[in-house]
Amino acid sequence: MSRLNRRRISGIGKKPLMAAGLCIAAALIAGIWGFSGSGTDVPAEQPVAMEKSAAPVPEEPKGPLLEVVAASVNNGQTASTILSDWLGTSDIHNLAEACKPVFDLCRIRAGQPYRVHTEDGALTRWEYEIDNDKFLVVDIAADAENGSKSYVPQVHDIHYDMETVSVSGIINSNLFEAVEKTGENAALAITLADIFGWEVDFIRDLRQGDSFSAVVEKRFRDGEFKGYRRVLAASFTNQGTRHEGYRMEDEHGVVQYYNAEGGNLRRAFLKAPLSFTRISSNFSHSRLHPVLKTYRPHHGVDYAAPTGTPVLAIGDGTVTKVASDHAAGKYVMLRHTNGYESGYLHFSSFAKGMKVGKRVRQGEVIGYVGATGYATGPHLDFRMKKNGAYVNPTKVISPRSEPVSKKKMEEFAKLVEAMRLKLDAETVAAGTETVPNNVN
């Protein structure tokens, strides 16, 4: 209350003072609820609402406009067509030359992702995913004085979140179907077939009720599954016999799979030169030829498979023939150690680089299934010789490769003990970790 009001109140008697106080209180209450009149003789002192002046909005600092364009390489696109919206022909040439020591831009492939970074419309960075493990980064800087550009290319590892899990399943018809029923990718079936390819013939030996289990690392990127990294251990029970495989590097740093006793699962020859097909004709000394309609020896095993199915070298060897004739069609012959030879007939085409004298490794693709020569349908006629005489490929007993060395046997025994506990677990470990890609 102001001094003026206080002075006015001091000259009034008690009763009038009480009445005046009640009036003032009523006026205050009315003011609070918004019902006060406009003719009050003694105005109550009320807080004055300060009028807020609009504060000036600070201007956002003006900076460069940064943009990122993400896309994938289309069929027929090149680095030149991708970057032509931001760089001239000479600049693209200079960028490609700068990249050559780390990655040749002629090798970019359709479907691979890339990102273009710009600043005020000018290209400052280009990223391209080379494969599942590596990506290229090219940083681009412009010289304001002379307008020239510099290019700094680098290749980096793609880092993934890793999850190690246990997968198991039962065979009803084939390994592919069994793996897919567990919710996993068919690529895992191929890896399992590779691991046990010397122990189990996945064409002839599978039976309903066979089973498998594997401890496998799965790769994720931004929460999306990006394939498998390593199978650490696996087991496959075929016709009541359990086969086990444990991953370990040998003394030379080469990854091998060994059984529980330390024997190498790898043998001199694969059980079969292709995967997941069926035998349409066995080795025989007298067979009715399906085309010639006469009885004659069939010194091979026919594997029915779709045209274009990759055919693998059953063992390390040297190419002795890459040829074609009216009966065998397109075929390849290999010479192996210890007097063995292998032949692969009726190809639709040869693998790139196949020529006489070439050294091939076990499991290397040498050609593709077809129906050239005397053939009623696409298949591979696979043959083997020992010291010049034909032998039944399905009966050849192949020696094992080198076992775990004595030096590493103690380490291997601990590995087997740990992995055996995990092979039958539903989930081995749930979690993530960044794993460098230089690990085998």
# chains A, B, ... in the order shown; residues from 1 in each chain; ligands from 1
$ residues_around --residues "Ala96 of chain A" --least-positions-apart "3" --cutoff "9 Å" --atoms "only C-alpha atoms" --output "PyMOL selection string"
chain A and resi 79-80+91-93+99-100+103-106
$ write_last_selection --atoms "all heavy atoms" --output "PDB file, in the first residue's frame"
ATOM      1  N   ALA A  79      32.702 -44.726 -62.284  1.00  0.00           N
ATOM      2  CA  ALA A  79      33.033 -43.621 -61.385  1.00  0.00           C
ATOM      3  C   ALA A  79      32.817 -42.290 -62.099  1.00  0.00           C
ATOM      4  O   ALA A  79      32.373 -41.309 -61.497  1.00  0.00           O
ATOM      5  CB  ALA A  79      34.477 -43.750 -60.915  1.00  0.00           C
ATOM      6  N   SER A  80      33.104 -42.261 -63.388  1.00  0.00           N
ATOM      7  CA  SER A  80      32.953 -41.030 -64.165  1.00  0.00           C
ATOM      8  C   SER A  80      31.498 -40.582 -64.235  1.00  0.00           C
ATOM      9  O   SER A  80      31.180 -39.406 -64.012  1.00  0.00           O
ATOM     10  CB  SER A  80      33.509 -41.236 -65.576  1.00  0.00           C
ATOM     11  OG  SER A  80      33.358 -40.059 -66.350  1.00  0.00           O
ATOM     12  N   ASP A  91      39.127 -33.494 -63.792  1.00  0.00           N
ATOM     13  CA  ASP A  91      39.153 -33.736 -62.346  1.00  0.00           C
ATOM     14  C   ASP A  91      38.879 -35.208 -62.032  1.00  0.00           C
ATOM     15  O   ASP A  91      39.514 -35.788 -61.144  1.00  0.00           O
ATOM     16  CB  ASP A  91      38.115 -32.864 -61.639  1.00  0.00           C
ATOM     17  CG  ASP A  91      38.517 -31.399 -61.603  1.00  0.00           C
ATOM     18  OD1 ASP A  91      39.740 -31.127 -61.531  1.00  0.00           O
ATOM     19  OD2 ASP A  91      37.627 -30.536 -61.659  1.00  0.00           O
ATOM     20  N   ILE A  92      37.947 -35.804 -62.748  1.00  0.00           N
ATOM     21  CA  ILE A  92      37.645 -37.222 -62.535  1.00  0.00           C
ATOM     22  C   ILE A  92      38.861 -38.074 -62.888  1.00  0.00           C
ATOM     23  O   ILE A  92      39.205 -39.034 -62.185  1.00  0.00           O
ATOM     24  CB  ILE A  92      36.420 -37.651 -63.364  1.00  0.00           C
ATOM     25  CG1 ILE A  92      35.158 -36.960 -62.825  1.00  0.00           C
ATOM     26  CG2 ILE A  92      36.242 -39.172 -63.343  1.00  0.00           C
ATOM     27  CD1 ILE A  92      33.921 -37.174 -63.664  1.00  0.00           C
ATOM     28  N   HIS A  93      39.541 -37.698 -63.971  1.00  0.00           N
ATOM     29  CA  HIS A  93      40.761 -38.419 -64.362  1.00  0.00           C
ATOM     30  C   HIS A  93      41.812 -38.318 -63.262  1.00  0.00           C
ATOM     31  O   HIS A  93      42.449 -39.326 -62.905  1.00  0.00           O
ATOM     32  CB  HIS A  93      41.302 -37.846 -65.670  1.00  0.00           C
ATOM     33  CG  HIS A  93      42.653 -38.406 -66.044  1.00  0.00           C
ATOM     34  ND1 HIS A  93      42.808 -39.667 -66.576  1.00  0.00           N
ATOM     35  CD2 HIS A  93      43.909 -37.870 -65.924  1.00  0.00           C
ATOM     36  CE1 HIS A  93      44.097 -39.883 -66.786  1.00  0.00           C
ATOM     37  NE2 HIS A  93      44.777 -38.820 -66.408  1.00  0.00           N
ATOM     38  N   CYS A  99      43.632 -42.582 -56.976  1.00  0.00           N
ATOM     39  CA  CYS A  99      43.114 -43.774 -56.299  1.00  0.00           C
ATOM     40  C   CYS A  99      43.848 -45.053 -56.679  1.00  0.00           C
ATOM     41  O   CYS A  99      43.808 -46.041 -55.914  1.00  0.00           O
ATOM     42  CB  CYS A  99      41.625 -43.950 -56.604  1.00  0.00           C
ATOM     43  SG  CYS A  99      40.555 -42.735 -55.794  1.00  0.00           S
ATOM     44  N   LYS A 100      44.488 -45.094 -57.833  1.00  0.00           N
ATOM     45  CA  LYS A 100      45.067 -46.338 -58.347  1.00  0.00           C
ATOM     46  C   LYS A 100      45.971 -47.079 -57.362  1.00  0.00           C
ATOM     47  O   LYS A 100      45.915 -48.307 -57.269  1.00  0.00           O
ATOM     48  CB  LYS A 100      45.808 -46.075 -59.654  1.00  0.00           C
ATOM     49  CG  LYS A 100      44.897 -46.103 -60.867  1.00  0.00           C
ATOM     50  CD  LYS A 100      45.664 -46.000 -62.164  1.00  0.00           C
ATOM     51  CE  LYS A 100      44.720 -46.073 -63.360  1.00  0.00           C
ATOM     52  NZ  LYS A 100      45.435 -45.938 -64.641  1.00  0.00           N
ATOM     53  N   PHE A 103      43.123 -48.416 -54.820  1.00  0.00           N
ATOM     54  CA  PHE A 103      42.000 -49.125 -55.431  1.00  0.00           C
ATOM     55  C   PHE A 103      41.728 -48.566 -56.812  1.00  0.00           C
ATOM     56  O   PHE A 103      41.567 -47.355 -56.983  1.00  0.00           O
ATOM     57  CB  PHE A 103      40.737 -48.996 -54.567  1.00  0.00           C
ATOM     58  CG  PHE A 103      39.532 -49.691 -55.153  1.00  0.00           C
ATOM     59  CD1 PHE A 103      39.436 -51.074 -55.135  1.00  0.00           C
ATOM     60  CD2 PHE A 103      38.507 -48.960 -55.747  1.00  0.00           C
ATOM     61  CE1 PHE A 103      38.336 -51.717 -55.686  1.00  0.00           C
ATOM     62  CE2 PHE A 103      37.409 -49.594 -56.298  1.00  0.00           C
ATOM     63  CZ  PHE A 103      37.325 -50.973 -56.268  1.00  0.00           C
ATOM     64  N   ASP A 104      41.677 -49.453 -57.802  1.00  0.00           N
ATOM     65  CA  ASP A 104      41.429 -49.045 -59.183  1.00  0.00           C
ATOM     66  C   ASP A 104      39.927 -48.842 -59.378  1.00  0.00           C
ATOM     67  O   ASP A 104      39.128 -49.773 -59.211  1.00  0.00           O
ATOM     68  CB  ASP A 104      41.940 -50.125 -60.144  1.00  0.00           C
ATOM     69  CG  ASP A 104      41.920 -49.666 -61.596  1.00  0.00           C
ATOM     70  OD1 ASP A 104      41.223 -48.679 -61.908  1.00  0.00           O
ATOM     71  OD2 ASP A 104      42.605 -50.291 -62.419  1.00  0.00           O
ATOM     72  N   LEU A 105      39.521 -47.620 -59.721  1.00  0.00           N
ATOM     73  CA  LEU A 105      38.097 -47.310 -59.870  1.00  0.00           C
ATOM     74  C   LEU A 105      37.443 -48.053 -61.027  1.00  0.00           C
ATOM     75  O   LEU A 105      36.204 -48.091 -61.110  1.00  0.00           O
ATOM     76  CB  LEU A 105      37.903 -45.805 -60.042  1.00  0.00           C
ATOM     77  CG  LEU A 105      38.316 -44.930 -58.848  1.00  0.00           C
ATOM     78  CD1 LEU A 105      37.919 -43.480 -59.094  1.00  0.00           C
ATOM     79  CD2 LEU A 105      37.680 -45.433 -57.554  1.00  0.00           C
ATOM     80  N   CYS A 106      38.235 -48.664 -61.904  1.00  0.00           N
ATOM     81  CA  CYS A 106      37.652 -49.487 -62.967  1.00  0.00           C
ATOM     82  C   CYS A 106      36.984 -50.738 -62.398  1.00  0.00           C
ATOM     83  O   CYS A 106      36.217 -51.412 -63.084  1.00  0.00           O
ATOM     84  CB  CYS A 106      38.737 -49.905 -63.964  1.00  0.00           C
ATOM     85  SG  CYS A 106      39.399 -48.536 -64.926  1.00  0.00           S
TER      86      CYS A 106
END
$ residues_around --residues "Pro403 of chain A" --least-positions-apart "6" --cutoff "12 Å" --atoms "only C-alpha atoms" --output "PyMOL selection string"
chain A and resi 248-251+256-267+409+412
$ closest_atom_pairs --of "segment 139-230 of chain A" --to "segment 363-373 of chain A" --cutoff "12 Å" --atoms "only C-alpha atoms" --output "JSON lines"
{"residue": "A:Ala193", "atom": "CA", "partner": "A:Gly363", "partner_atom": "CA", "distance": 11.7}
{"residue": "A:Asp194", "atom": "CA", "partner": "A:Gly363", "partner_atom": "CA", "distance": 8.8}
{"residue": "A:Ile195", "atom": "CA", "partner": "A:Gly363", "partner_atom": "CA", "distance": 11.5}
{"residue": "A:Gly197", "atom": "CA", "partner": "A:Gly363", "partner_atom": "CA", "distance": 10.1}
{"residue": "A:Trp198", "atom": "CA", "partner": "A:Gly363", "partner_atom": "CA", "distance": 11.3}
$ write_last_selection --atoms "N, CA, C and O atoms" --output "mmCIF file, in the first residue's frame"
data_model
loop_
_atom_site.group_PDB
_atom_site.id
_atom_site.type_symbol
_atom_site.label_atom_id
_atom_site.label_comp_id
_atom_site.auth_asym_id
_atom_site.auth_seq_id
_atom_site.Cartn_x
_atom_site.Cartn_y
_atom_site.Cartn_z
ATOM 1 N N ALA A 193 29.086 -77.721 -45.402
ATOM 2 C CA ALA A 193 29.426 -78.723 -46.408
ATOM 3 C C ALA A 193 30.921 -78.670 -46.736
ATOM 4 O O ALA A 193 31.547 -79.708 -46.983
ATOM 5 N N ASP A 194 31.495 -77.469 -46.724
ATOM 6 C CA ASP A 194 32.929 -77.336 -46.969
ATOM 7 C C ASP A 194 33.742 -77.963 -45.831
ATOM 8 O O ASP A 194 34.748 -78.633 -46.066
ATOM 9 N N ILE A 195 33.302 -77.725 -44.591
ATOM 10 C CA ILE A 195 34.038 -78.250 -43.431
ATOM 11 C C ILE A 195 34.042 -79.773 -43.432
ATOM 12 O O ILE A 195 35.081 -80.414 -43.209
ATOM 13 N N GLY A 197 33.170 -81.777 -46.000
ATOM 14 C CA GLY A 197 33.139 -82.314 -47.353
ATOM 15 C C GLY A 197 34.030 -83.518 -47.562
ATOM 16 O O GLY A 197 33.828 -84.298 -48.498
ATOM 17 N N TRP A 198 35.025 -83.705 -46.684
ATOM 18 C CA TRP A 198 35.907 -84.866 -46.793
ATOM 19 C C TRP A 198 35.374 -86.054 -45.992
ATOM 20 O O TRP A 198 35.811 -87.176 -46.178
#
$ closest_residue --among "A:His117, A:His156, A:His326, A:Arg242" --to "Tyr374 of chain A" --atoms "only C-alpha atoms"
A:His326
$ select_by_dssp --residues "segment 112-256 of chain A" --states "strand (DSSP E)" --output "JSON, numbers by chain"
{"A": [113, 114, 115, 116, 117, 118, 119, 122, 123, 124, 125, 126, 127, 128, 129, 134, 135, 136, 137, 138, 139, 140, 141, 142, 149, 150, 151, 152, 153, 154, 155, 156, 157, 161, 162, 163, 164, 165, 166, 167, 168, 169, 170, 211, 212, 213, 214, 215, 216, 217, 218, 219, 220, 221, 224, 225, 226, 227, 228, 229, 230, 231, 232, 233, 234, 235, 236, 237, 238, 241, 242, 243, 244, 245, 246, 247, 248, 249, 255, 256]}
$ select_by_dssp --residues "segment 83-226 of chain A" --states "helix (DSSP H, G or I)" --output "PyMOL selection string"
chain A and resi 83+89-99+105-107+175-181+186-195
